[in-house]
>>> print(open('work_7.txt').read())   # compact mmCIF, C-alpha atoms
# COMPACT_ATOMS: atom_id res chain seq x y z
CA MET A 1 10.44 44.81 -31.83
CA ASN A 2 9.51 47.09 -29.00
CA GLU A 3 11.93 47.20 -26.11
CA ARG A 4 10.08 47.25 -22.82
CA GLU A 5 10.51 46.51 -19.19
CA PRO A 6 9.37 43.02 -18.25
CA SER A 7 5.88 43.23 -16.82
CA SER A 8 4.72 41.28 -13.81
CA VAL A 9 3.01 38.91 -16.20
CA ASP A 10 6.36 38.11 -17.79
CA VAL A 11 7.76 37.37 -14.38
CA LEU A 12 4.81 35.19 -13.53
CA ILE A 13 5.09 33.07 -16.62
CA ALA A 14 8.88 32.98 -16.64
CA SER A 15 8.89 29.78 -14.63
CA ASP A 16 6.81 28.08 -17.33
CA ARG A 17 9.26 28.96 -20.07
CA VAL A 18 11.89 26.59 -21.21
CA PRO A 19 15.09 28.61 -21.44
CA ALA A 20 17.11 28.41 -24.58
CA ASN A 21 19.38 25.60 -23.51
CA ALA A 22 20.12 23.99 -26.84
CA HIS A 23 22.07 21.09 -25.38
CA PRO A 24 20.61 20.05 -22.05
CA GLU A 25 22.17 16.64 -22.58
CA LEU A 26 25.51 18.28 -21.85
CA LEU A 27 24.47 18.55 -18.22
CA THR A 28 26.35 15.81 -16.42
CA GLU A 29 24.58 13.39 -14.16
CA ASP A 30 26.35 15.08 -11.25
CA ALA A 31 24.84 18.39 -12.35
CA ILE A 32 21.39 16.77 -12.41
CA TRP A 33 21.87 15.43 -8.89
CA ALA A 34 22.87 18.91 -7.75
CA LEU A 35 19.80 20.32 -9.44
CA LEU A 36 17.50 17.86 -7.70
CA ASP A 37 18.84 19.05 -4.36
CA ASN A 38 16.69 22.14 -4.97
CA VAL A 39 13.50 20.11 -5.21
CA LYS A 40 11.93 20.10 -1.76
CA ASP A 41 9.69 17.53 -0.16
CA PRO A 42 6.28 19.23 -0.43
CA GLU A 43 5.24 17.81 2.96
CA VAL A 44 8.42 18.80 4.80
CA PRO A 45 9.96 21.59 2.69
CA ALA A 46 12.97 21.70 5.03
CA VAL A 47 14.49 18.74 3.22
CA SER A 48 15.13 18.09 -0.44
CA VAL A 49 14.17 14.93 -2.27
CA LEU A 50 17.88 14.13 -2.31
CA GLU A 51 18.26 14.48 1.44
CA LEU A 52 15.17 12.36 1.91
CA GLY A 53 16.92 9.61 -0.03
CA ILE A 54 14.15 8.97 -2.53
CA ILE A 55 16.18 9.63 -5.70
CA ARG A 56 17.70 6.26 -6.57
CA ASP A 57 19.32 6.88 -9.94
CA VAL A 58 19.90 9.50 -12.62
CA SER A 59 21.04 8.39 -16.03
CA TRP A 60 21.35 9.61 -19.58
CA ASP A 61 20.61 7.30 -22.44
CA GLY A 62 21.62 9.32 -25.45
CA LYS A 63 19.40 12.39 -25.28
CA HIS A 64 16.93 10.84 -22.83
CA LEU A 65 17.24 11.43 -19.14
CA SER A 66 15.63 9.07 -16.69
CA VAL A 67 15.32 9.52 -12.95
CA ASP A 68 14.43 6.67 -10.58
CA VAL A 69 12.31 7.77 -7.64
CA THR A 70 11.09 5.57 -4.80
CA PRO A 71 7.98 6.38 -2.77
CA THR A 72 8.48 6.55 0.99
CA TYR A 73 5.46 4.30 1.49
CA SER A 74 2.84 2.73 -0.80
CA GLY A 75 0.11 5.22 -0.05
CA CYS A 76 2.25 8.36 0.04
CA PRO A 77 -0.15 11.07 -1.19
CA ALA A 78 2.77 13.22 -2.35
CA THR A 79 4.19 10.66 -4.78
CA GLU A 80 2.71 12.21 -7.90
CA LEU A 81 3.34 15.79 -6.79
CA ILE A 82 7.00 15.00 -6.14
CA GLU A 83 7.32 13.45 -9.59
CA GLU A 84 5.78 16.57 -11.12
CA LEU A 85 8.13 18.85 -9.18
CA ILE A 86 11.11 16.88 -10.44
CA VAL A 87 9.89 17.08 -14.04
CA GLU A 88 9.32 20.81 -13.61
CA ALA A 89 12.84 21.36 -12.27
CA LEU A 90 14.33 19.41 -15.18
CA ARG A 91 12.20 21.21 -17.78
CA ALA A 92 13.39 24.50 -16.35
CA VAL A 93 16.90 23.67 -17.57
CA GLY A 94 15.68 22.56 -20.96
CA ILE A 95 15.26 18.83 -20.48
CA ARG A 96 11.96 18.39 -22.25
CA ASP A 97 10.91 14.83 -21.65
CA PRO A 98 12.57 13.43 -18.59
CA GLN A 99 11.40 9.95 -17.75
CA ILE A 100 10.47 9.34 -14.13
CA ASN A 101 10.53 5.71 -13.06
CA ARG A 102 8.69 4.77 -9.90
CA VAL A 103 10.91 2.18 -8.28
CA LEU A 104 9.54 0.05 -5.43
CA THR A 105 12.55 -2.16 -4.80
CA PRO A 106 14.62 -1.95 -2.76
CA ALA A 107 11.97 -0.40 -0.54
CA TRP A 108 12.79 3.00 0.96
CA THR A 109 13.91 3.07 4.55
CA THR A 110 14.57 5.98 6.90
CA ASP A 111 18.23 4.89 6.82
CA TRP A 112 18.41 6.59 3.42
CA ILE A 113 17.80 10.05 4.87
CA THR A 114 21.18 11.78 4.62
CA GLU A 115 23.04 13.14 7.64
CA GLU A 116 22.32 16.66 6.37
CA GLY A 117 18.66 15.70 5.96
CA ARG A 118 18.53 14.50 9.57
CA GLU A 119 20.03 17.79 10.78
CA LYS A 120 17.46 19.77 8.83
CA LEU A 121 14.58 17.65 10.10
CA ARG A 122 15.79 18.24 13.64
CA ALA A 123 15.96 21.99 13.02
CA PHE A 124 12.46 21.81 11.51
CA GLY A 125 11.17 20.26 14.74
CA ILE A 126 10.92 16.64 13.61
CA ALA A 127 12.89 14.02 15.50
CA PRO A 128 14.73 12.14 12.76
CA PRO A 129 14.51 8.36 13.02
CA GLN A 130 17.63 6.81 14.50
CA ALA A 131 19.34 4.10 12.56
CA VAL A 132 18.74 0.86 14.44
CA PRO A 133 21.18 -2.02 14.41
CA ALA A 134 20.01 -4.84 12.14
CA LYS A 135 18.40 -7.71 14.01
CA MET B 1 -8.82 -21.19 -16.75
CA THR B 2 -5.56 -20.09 -18.35
CA GLN B 3 -2.61 -19.06 -16.26
CA GLN B 4 -3.14 -15.46 -17.40
CA GLN B 5 -6.75 -15.52 -16.17
CA ALA B 6 -5.66 -17.02 -12.87
CA LEU B 7 -3.07 -14.28 -12.45
CA GLN B 8 -5.63 -11.53 -13.10
CA GLU B 9 -8.08 -13.13 -10.67
CA TYR B 10 -5.39 -13.44 -8.03
CA LEU B 11 -4.26 -9.83 -8.42
CA LEU B 12 -7.85 -8.60 -8.20
CA ARG B 13 -8.28 -10.46 -4.91
CA LEU B 14 -5.24 -8.72 -3.46
CA ALA B 15 -6.29 -5.34 -4.83
CA ASP B 16 -9.97 -5.60 -3.88
CA SER B 17 -9.31 -6.99 -0.40
CA GLY B 18 -6.98 -4.11 0.44
CA MET B 19 -9.24 -1.52 -1.13
CA ILE B 20 -12.47 -2.62 0.52
CA LEU B 21 -10.83 -2.87 3.93
CA ALA B 22 -9.39 0.61 3.40
CA GLN B 23 -12.90 1.88 2.62
CA ARG B 24 -14.21 0.33 5.83
CA LEU B 25 -11.38 1.86 7.88
CA SER B 26 -11.98 5.22 6.23
CA GLU B 27 -15.50 5.20 7.64
CA LEU B 28 -13.82 5.70 11.02
CA VAL B 29 -12.35 9.07 10.09
CA GLY B 30 -13.47 11.43 12.83
CA LYS B 31 -15.04 8.58 14.79
CA ALA B 32 -12.17 6.53 16.20
CA PRO B 33 -12.23 6.00 19.99
CA ALA B 34 -8.98 7.88 20.60
CA LEU B 35 -6.71 10.27 18.70
CA GLU B 36 -3.94 7.70 18.46
CA GLU B 37 -6.40 5.28 16.86
CA GLU B 38 -7.74 7.99 14.57
CA LEU B 39 -4.21 8.38 13.22
CA ALA B 40 -3.43 4.69 13.15
CA SER B 41 -6.59 3.48 11.43
CA THR B 42 -6.41 6.15 8.73
CA ASN B 43 -2.73 5.41 8.18
CA VAL B 44 -3.44 1.70 7.78
CA ALA B 45 -6.18 2.63 5.30
CA LEU B 46 -3.75 4.83 3.38
CA ASP B 47 -1.16 2.04 3.20
CA LEU B 48 -3.81 -0.34 1.90
CA ILE B 49 -5.02 2.11 -0.75
CA GLY B 50 -1.46 2.68 -1.93
CA GLN B 51 -0.80 -1.04 -2.16
CA ALA B 52 -4.13 -1.58 -3.91
CA ARG B 53 -3.22 1.07 -6.45
CA ASN B 54 -0.03 -0.83 -7.26
CA TRP B 55 -1.98 -4.08 -7.67
CA TYR B 56 -4.73 -2.41 -9.75
CA GLU B 57 -2.23 -0.71 -12.06
CA TYR B 58 -0.57 -4.03 -12.82
CA THR B 59 -3.93 -5.77 -13.22
CA ALA B 60 -5.13 -3.08 -15.65
CA GLU B 61 -1.99 -3.54 -17.75
CA LEU B 62 -2.55 -7.29 -17.90
CA ILE B 63 -6.27 -7.05 -18.67
CA ASP B 64 -5.38 -4.47 -21.32
CA ASP B 65 -8.94 -3.59 -22.36
CA GLY B 66 -8.65 0.16 -21.97
CA ARG B 67 -9.67 0.25 -18.29
CA ASP B 68 -7.28 1.89 -15.87
CA ALA B 69 -6.86 1.48 -12.11
CA ASP B 70 -9.56 4.08 -11.35
CA ASN B 71 -11.93 2.26 -13.59
CA LEU B 72 -11.32 -1.02 -11.82
CA VAL B 73 -11.80 0.48 -8.36
CA PHE B 74 -14.93 2.50 -8.97
CA LEU B 75 -16.74 1.29 -12.07
CA ARG B 76 -17.45 -2.39 -11.47
CA ASP B 77 -20.53 -4.04 -10.02
CA THR B 78 -20.63 -5.82 -6.69
CA HIS B 79 -20.27 -9.31 -8.14
CA ASP B 80 -17.13 -8.26 -10.02
CA TYR B 81 -15.28 -7.70 -6.75
CA ARG B 82 -12.97 -10.47 -5.63
CA ASN B 83 -12.29 -9.35 -2.06
CA LEU B 84 -12.41 -11.65 0.93
CA LEU B 85 -15.77 -11.58 2.72
CA MET B 86 -13.95 -10.73 5.96
CA VAL B 87 -12.96 -7.23 4.84
CA GLU B 88 -16.43 -6.12 3.77
CA GLN B 89 -17.95 -6.81 7.20
CA PRO B 90 -19.11 -3.64 8.96
CA ASN B 91 -17.03 -1.92 11.65
CA GLU B 92 -19.51 -2.46 14.51
CA ASP B 93 -17.68 -1.77 17.81
CA TYR B 94 -13.91 -1.36 17.98
CA ALA B 95 -13.41 -4.96 19.05
CA VAL B 96 -15.04 -6.17 15.81
CA THR B 97 -13.02 -3.65 13.81
CA MET B 98 -9.81 -4.89 15.43
CA ALA B 99 -10.63 -8.62 15.22
CA ARG B 100 -11.37 -8.18 11.49
CA GLN B 101 -8.08 -6.33 11.10
CA PHE B 102 -6.15 -8.99 13.00
CA PHE B 103 -7.56 -11.96 11.03
CA PHE B 104 -6.85 -10.09 7.80
CA ASP B 105 -3.38 -8.88 8.85
CA VAL B 106 -2.18 -12.40 9.67
CA TRP B 107 -3.34 -13.58 6.22
CA HIS B 108 -1.93 -10.47 4.52
CA TYR B 109 1.44 -10.66 6.24
CA PHE B 110 2.11 -14.31 5.39
CA THR B 111 0.76 -13.88 1.86
CA LEU B 112 2.99 -10.87 1.15
CA LYS B 113 5.99 -12.49 2.80
CA SER B 114 5.65 -15.31 0.30
CA LEU B 115 4.93 -13.01 -2.67
CA VAL B 116 8.26 -11.26 -2.09
CA ASN B 117 9.78 -14.37 -3.71
CA ALA B 118 7.28 -14.56 -6.59
CA SER B 119 8.68 -15.51 -9.98
CA ASP B 120 6.86 -12.45 -11.37
CA GLU B 121 9.19 -9.53 -10.68
CA ARG B 122 6.50 -6.86 -10.62
CA ILE B 123 4.57 -8.79 -7.95
CA ALA B 124 7.73 -9.39 -5.94
CA ASN B 125 8.53 -5.66 -5.98
CA ILE B 126 5.06 -4.52 -4.90
CA ALA B 127 5.05 -7.16 -2.16
CA ALA B 128 8.51 -6.17 -0.90
CA LYS B 129 7.21 -2.65 -0.27
CA ALA B 130 3.86 -3.77 1.12
CA VAL B 131 5.18 -6.40 3.53
CA LYS B 132 7.04 -3.76 5.51
CA GLU B 133 3.75 -1.93 6.02
CA ALA B 134 1.78 -5.11 6.74
CA THR B 135 4.31 -6.02 9.43
CA TYR B 136 3.39 -2.86 11.34
CA HIS B 137 -0.31 -3.48 10.78
CA LEU B 138 -0.03 -6.96 12.23
CA ARG B 139 2.00 -5.81 15.20
CA ARG B 140 -0.62 -3.18 15.99
CA SER B 141 -3.71 -5.36 15.61
CA SER B 142 -2.24 -8.28 17.55
CA GLU B 143 -1.27 -5.94 20.40
CA TRP B 144 -4.83 -4.64 20.49
CA VAL B 145 -6.30 -8.14 20.49
CA LYS B 146 -4.09 -9.03 23.47
CA ARG B 147 -4.87 -5.81 25.30
CA MET B 148 -8.61 -6.24 24.89
CA GLY B 149 -8.62 -9.98 25.54
CA ASP B 150 -6.42 -9.77 28.62
CA GLY B 151 -7.94 -6.46 29.72
CA THR B 152 -11.14 -5.79 31.60
CA GLU B 153 -14.13 -8.09 31.80
CA GLU B 154 -15.96 -5.83 29.37
CA SER B 155 -13.12 -5.65 26.81
CA HIS B 156 -12.63 -9.41 27.04
CA ARG B 157 -16.31 -10.06 26.42
CA ARG B 158 -16.35 -7.75 23.42
CA ILE B 159 -13.28 -9.12 21.67
CA GLN B 160 -14.41 -12.69 22.33
CA ASP B 161 -17.81 -11.83 20.83
CA ALA B 162 -15.99 -10.32 17.85
CA PHE B 163 -13.92 -13.50 17.38
CA ASN B 164 -17.12 -15.55 17.53
CA LEU B 165 -18.91 -13.25 15.08
CA LEU B 166 -16.14 -13.17 12.47
CA TRP B 167 -14.85 -16.73 12.75
CA ARG B 168 -17.18 -17.93 9.98
CA PHE B 169 -15.31 -15.70 7.51
CA THR B 170 -11.83 -16.98 8.38
CA GLY B 171 -12.12 -20.19 6.34
CA GLU B 172 -11.95 -18.23 3.12
CA LEU B 173 -8.53 -16.84 4.07
CA VAL B 174 -6.93 -20.26 4.29
CA THR B 175 -8.96 -22.46 1.93
CA PRO B 176 -7.36 -22.54 -1.51
CA ASP B 177 -9.34 -22.78 -4.73
CA ASP B 178 -8.20 -23.39 -8.33
CA THR B 179 -6.76 -19.91 -8.66
CA ASP B 180 -4.69 -20.25 -5.48
CA HIS B 181 -3.40 -23.64 -6.59
CA ALA B 182 -2.55 -22.33 -10.07
CA MET B 183 -0.64 -19.40 -8.60
CA PHE B 184 1.33 -21.64 -6.28
CA LYS B 185 2.18 -23.95 -9.19
CA ALA B 186 3.33 -20.94 -11.23
CA GLY B 187 5.80 -19.96 -8.50
CA ILE B 188 3.82 -16.83 -7.63
CA GLY B 189 1.38 -17.44 -4.79
CA PRO B 190 2.11 -18.96 -1.39
CA ASP B 191 1.99 -22.67 -0.68
CA PRO B 192 -1.67 -23.00 0.44
CA GLU B 193 -0.84 -25.61 3.06
CA GLN B 194 1.96 -23.50 4.51
CA LEU B 195 -0.25 -20.40 4.55
CA LYS B 196 -2.91 -22.27 6.45
CA GLN B 197 -0.41 -23.56 9.02
CA ASP B 198 1.15 -20.13 9.48
CA TRP B 199 -2.25 -18.47 9.83
CA PHE B 200 -3.56 -20.88 12.46
CA GLY B 201 -0.18 -20.85 14.22
CA MET B 202 -0.11 -17.11 14.72
CA VAL B 203 -3.82 -16.67 15.41
CA GLY B 204 -3.62 -19.47 18.00
CA GLU B 205 -0.57 -17.96 19.65
CA VAL B 206 -2.04 -14.46 19.94
CA ALA B 207 -5.42 -15.82 21.06
CA ALA B 208 -3.71 -17.81 23.83
CA GLN B 209 -1.87 -14.72 25.09
CA ALA B 210 -5.12 -12.78 24.89
CA THR B 211 -6.94 -15.52 26.85
CA LEU B 212 -9.40 -15.89 23.95
CA THR B 213 -10.84 -18.98 22.38
CA THR B 214 -11.03 -19.46 18.65
CA GLY B 215 -13.59 -21.44 16.68
CA ALA B 216 -12.94 -24.84 15.17
CA GLU B 217 -10.88 -25.20 12.00
CA ASP B 218 -13.61 -27.32 10.50
CA ALA B 219 -16.47 -25.01 11.49
CA TRP B 220 -18.93 -24.15 8.72
CA MET B 221 -17.52 -21.23 6.75
CA TYR B 222 -18.87 -18.59 4.40
CA MET B 223 -16.75 -18.61 1.25
CA GLY B 224 -17.76 -16.74 -1.86
CA GLY B 225 -15.91 -13.45 -1.95
CA LYS B 226 -13.06 -14.75 -4.07
CA ARG B 227 -15.53 -15.68 -6.81
CA GLY B 228 -17.72 -12.60 -6.50
CA GLU B 229 -20.48 -13.89 -4.21
CA HIS B 230 -20.67 -11.35 -1.44
CA THR B 231 -22.56 -10.69 1.76
CA GLU B 232 -25.19 -7.96 1.66
CA HIS B 233 -22.68 -5.61 3.30
CA LEU B 234 -20.60 -5.05 0.17
CA GLY B 235 -23.38 -3.44 -1.84
CA THR B 236 -24.16 -1.02 0.94
CA SER B 237 -20.52 -0.04 1.41
CA TRP B 238 -20.78 1.64 -2.00
CA PRO B 239 -23.52 4.21 -1.55
>>> encode(input="work_7.txt", output="structure tokens")
Amino acid sequence: MNEREPSSVDVLIASDRVPANAHPELLTEDAIWALLDNVKDPEVPAVSVLELGIIRDVSWDGKHLSVDVTPTYSGCPATELIEELIVEALRAVGIRDPQINRVLTPAWTTDWITEEGREKLRAFGIAPPQAVPAK
Amino acid sequence: MTQQQALQEYLLRLADSGMILAQRLSELVGKAPALEEELASTNVALDLIGQARNWYEYTAELIDDGRDADNLVFLRDTHDYRNLLMVEQPNEDYAVTMARQFFFDVWHYFTLKSLVNASDERIANIAAKAVKEATYHLRRSSEWVKRMGDGTEESHRRIQDAFNLLWRFTGELVTPDDTDHAMFKAGIGPDPEQLKQDWFGMVGEVAAQATLTTGAEDAWMYMGGKRGEHTEHLGTSWP
């Protein structure tokens, strides 16, 4: 095989390649959570899907990973894009067929935005919603 | 009518009513009377489309004849739609738009509030999400009804005219038919009698604060939307 410098095309398509991770199932659930912290909200890229509080559960069942995601509101136009970004991030570490479950209950509330998420929203120029005492 | 058929009919009513109202509201894009209303009306439309998608997806799974949610929304004929006649009425002036929204929101809010406890888990979950959104919708439309009714002479006249114009479509919101009764019996839909009481209770209360008069409960009502008999306005809302 010819040895050569990687061309720009190689770099471009690198993100589409599944790296040789023979045992992605060895990634712990904690490692998956950490990974998802790199997936940004496409509408407000300052915060990750984790900080936004929309990842509800990550679990392995044998070799199958499933991730529960809750939409912020019923008509959120980014719902499908976010699900695709999550799948992409998981595929990048060799998890071929992650299952994304769209979970509606319990319904998302701004209370689920993490403290770090609130800080980042503030820095981004968005006033984070204040937690209100329950009526 | 089997219980399964009743369930599909009932889900289509929820889905179609939200979807058609969302289409009407979307006609206002770029035409709302103020920026705040431009944002609000399109956001309400977006909520309704999202909820409708959830209802359509479940309906498509139950019907199980190869049609998906997109198919149900866009590839049926007028008489296949099960939406309430109220929501297909044209926008007219903003008082009519808001009166239509208010009458619908009261119905929607109490219906969803009840569906949260449906014996069907999928319905309960969709409703739990939707009722939070419908609560905001109702707060907004009732505030507008009060502001217009208790506002200037002109705004009062317009919202009262809108109430008078749309009253004949309110009966359908609170008059149960076989499907509604079957759904209540199955532990899914709201108690029709309770829904009626709640609807008149809230509409009466807001109307009183808005210094508006409502029509009679036993006035003659147009009722056909739930079985696919529509006003001429539905056909033309699908150019």
>>> closest_atom_pairs(input="work_7.txt", of="chain B", to="chain A", cutoff="12 Å", atoms="all atoms listed in the file", output="JSON lines")
{"residue": "B:Gly18", "atom": "CA", "partner": "A:Gly75", "partner_atom": "CA", "distance": 11.7}
{"residue": "B:Met19", "atom": "CA", "partner": "A:Gly75", "partner_atom": "CA", "distance": 11.6}
{"residue": "B:Ala22", "atom": "CA", "partner": "A:Gly75", "partner_atom": "CA", "distance": 11.1}
{"residue": "B:Thr42", "atom": "CA", "partner": "A:Gly75", "partner_atom": "CA", "distance": 11.0}
{"residue": "B:Asn43", "atom": "CA", "partner": "A:Gly75", "partner_atom": "CA", "distance": 8.7}
{"residue": "B:Val44", "atom": "CA", "partner": "A:Gly75", "partner_atom": "CA", "distance": 9.3}
{"residue": "B:Ala45", "atom": "CA", "partner": "A:Gly75", "partner_atom": "CA", "distance": 8.7}
{"residue": "B:Leu46", "atom": "CA", "partner": "A:Gly75", "partner_atom": "CA", "distance": 5.2}
{"residue": "B:Asp47", "atom": "CA", "partner": "A:Gly75", "partner_atom": "CA", "distance": 4.7}
{"residue": "B:Leu48", "atom": "CA", "partner": "A:Gly75", "partner_atom": "CA", "distance": 7.1}
{"residue": "B:Ile49", "atom": "CA", "partner": "A:Gly75", "partner_atom": "CA", "distance": 6.0}
{"residue": "B:Gly50", "atom": "CA", "partner": "A:Gly75", "partner_atom": "CA", "distance": 3.5}
{"residue": "B:Gln51", "atom": "CA", "partner": "A:Ser74", "partner_atom": "CA", "distance": 5.4}
{"residue": "B:Ala52", "atom": "CA", "partner": "A:Ser74", "partner_atom": "CA", "distance": 8.8}
{"residue": "B:Arg53", "atom": "CA", "partner": "A:Gly75", "partner_atom": "CA", "distance": 8.3}
{"residue": "B:Asn54", "atom": "CA", "partner": "A:Ser74", "partner_atom": "CA", "distance": 7.9}
{"residue": "B:Trp55", "atom": "CA", "partner": "A:Ser74", "partner_atom": "CA", "distance": 10.8}
{"residue": "B:Val116", "atom": "CA", "partner": "A:Thr105", "partner_atom": "CA", "distance": 10.4}
{"residue": "B:Glu121", "atom": "CA", "partner": "A:Thr105", "partner_atom": "CA", "distance": 10.0}
{"residue": "B:Arg122", "atom": "CA", "partner": "A:Leu104", "partner_atom": "CA", "distance": 9.2}
{"residue": "B:Ile123", "atom": "CA", "partner": "A:Leu104", "partner_atom": "CA", "distance": 10.4}
{"residue": "B:Ala124", "atom": "CA", "partner": "A:Thr105", "partner_atom": "CA", "distance": 8.8}
{"residue": "B:Asn125", "atom": "CA", "partner": "A:Thr105", "partner_atom": "CA", "distance": 5.5}
{"residue": "B:Ile126", "atom": "CA", "partner": "A:Leu104", "partner_atom": "CA", "distance": 6.4}
{"residue": "B:Ala127", "atom": "CA", "partner": "A:Leu104", "partner_atom": "CA", "distance": 9.1}
{"residue": "B:Ala128", "atom": "CA", "partner": "A:Ala107", "partner_atom": "CA", "distance": 6.7}
{"residue": "B:Lys129", "atom": "CA", "partner": "A:Ala107", "partner_atom": "CA", "distance": 5.3}
{"residue": "B:Ala130", "atom": "CA", "partner": "A:Ser74", "partner_atom": "CA", "distance": 6.9}
{"residue": "B:Val131", "atom": "CA", "partner": "A:Ala107", "partner_atom": "CA", "distance": 9.9}
{"residue": "B:Lys132", "atom": "CA", "partner": "A:Ala107", "partner_atom": "CA", "distance": 8.5}
{"residue": "B:Glu133", "atom": "CA", "partner": "A:Tyr73", "partner_atom": "CA", "distance": 7.9}
{"residue": "B:Ala134", "atom": "CA", "partner": "A:Ser74", "partner_atom": "CA", "distance": 10.9}
>>> residues_around(input="work_7.txt", residues="Gly201 of chain B", least_positions_apart="6", cutoff="10 Å", atoms="all atoms listed in the file", output="list in words")
Val106, Leu195 and Ala207 of chain B
>>> atom_distance(input="work_7.txt", atom1="atom CA of Leu36 of chain A", atom2="atom CA of Leu85 of chain A")
9.5 Å
>>> residues_around(input="work_7.txt", residues="Met98 of chain B", least_positions_apart="4", cutoff="8 Å", atoms="all atoms listed in the file", output="list in words")
Tyr94, Phe102, Ser141, Trp144 and Val145 of chain B
>>> atom_distance(input="work_7.txt", atom1="atom CA of Gln23 of chain B", atom2="atom CA of Ile159 of chain B")
22.0 Å
>>> closest_residue(input="work_7.txt", among="A:Phe124, A:Glu115, A:Leu35, A:Glu25", to="Val87 of chain A", atoms="all atoms listed in the file")
A:Leu35
>>> decode(input="work_7.txt", residues="segment 41-54 of chain A", atoms="N, CA and C atoms", output="PDB file, in the first residue's frame")
ATOM      1  N   ASP A  41     -26.790  22.103  21.733  1.00  0.00           N
ATOM      2  CA  ASP A  41     -28.130  22.460  21.255  1.00  0.00           C
ATOM      3  C   ASP A  41     -27.951  23.257  19.962  1.00  0.00           C
ATOM      4  N   PRO A  42     -28.479  22.773  18.835  1.00  0.00           N
ATOM      5  CA  PRO A  42     -28.240  23.482  17.574  1.00  0.00           C
ATOM      6  C   PRO A  42     -28.817  24.907  17.566  1.00  0.00           C
ATOM      7  N   GLU A  43     -29.810  25.169  18.395  1.00  0.00           N
ATOM      8  CA  GLU A  43     -30.402  26.515  18.411  1.00  0.00           C
ATOM      9  C   GLU A  43     -29.617  27.467  19.301  1.00  0.00           C
ATOM     10  N   VAL A  44     -29.096  26.931  20.402  1.00  0.00           N
ATOM     11  CA  VAL A  44     -28.262  27.736  21.307  1.00  0.00           C
ATOM     12  C   VAL A  44     -26.993  26.942  21.587  1.00  0.00           C
ATOM     13  N   PRO A  45     -26.013  27.023  20.656  1.00  0.00           N
ATOM     14  CA  PRO A  45     -24.830  26.147  20.757  1.00  0.00           C
ATOM     15  C   PRO A  45     -23.994  26.399  22.007  1.00  0.00           C
ATOM     16  N   ALA A  46     -24.351  27.401  22.803  1.00  0.00           N
ATOM     17  CA  ALA A  46     -23.600  27.645  24.036  1.00  0.00           C
ATOM     18  C   ALA A  46     -23.810  26.528  25.047  1.00  0.00           C
ATOM     19  N   VAL A  47     -24.955  25.854  24.960  1.00  0.00           N
ATOM     20  CA  VAL A  47     -25.219  24.799  25.945  1.00  0.00           C
ATOM     21  C   VAL A  47     -25.309  23.428  25.277  1.00  0.00           C
ATOM     22  N   SER A  48     -24.929  22.421  26.049  1.00  0.00           N
ATOM     23  CA  SER A  48     -25.014  21.055  25.531  1.00  0.00           C
ATOM     24  C   SER A  48     -26.394  20.481  25.843  1.00  0.00           C
ATOM     25  N   VAL A  49     -26.695  19.373  25.175  1.00  0.00           N
ATOM     26  CA  VAL A  49     -27.990  18.732  25.414  1.00  0.00           C
ATOM     27  C   VAL A  49     -28.095  18.262  26.868  1.00  0.00           C
ATOM     28  N   LEU A  50     -26.931  18.015  27.461  1.00  0.00           N
ATOM     29  CA  LEU A  50     -26.916  17.599  28.872  1.00  0.00           C
ATOM     30  C   LEU A  50     -27.287  18.779  29.772  1.00  0.00           C
ATOM     31  N   GLU A  51     -26.649  19.917  29.489  1.00  0.00           N
ATOM     32  CA  GLU A  51     -26.913  21.103  30.304  1.00  0.00           C
ATOM     33  C   GLU A  51     -28.351  21.584  30.142  1.00  0.00           C
ATOM     34  N   LEU A  52     -28.901  21.323  28.979  1.00  0.00           N
ATOM     35  CA  LEU A  52     -30.287  21.715  28.727  1.00  0.00           C
ATOM     36  C   LEU A  52     -31.262  20.803  29.489  1.00  0.00           C
ATOM     37  N   GLY A  53     -30.758  19.657  29.901  1.00  0.00           N
ATOM     38  CA  GLY A  53     -31.591  18.753  30.697  1.00  0.00           C
ATOM     39  C   GLY A  53     -32.536  17.900  29.882  1.00  0.00           C
ATOM     40  N   ILE A  54     -32.219  17.684  28.600  1.00  0.00           N
ATOM     41  CA  ILE A  54     -33.158  16.906  27.780  1.00  0.00           C
ATOM     42  C   ILE A  54     -32.758  15.434  27.641  1.00  0.00           C
TER      43      ILE A  54
END
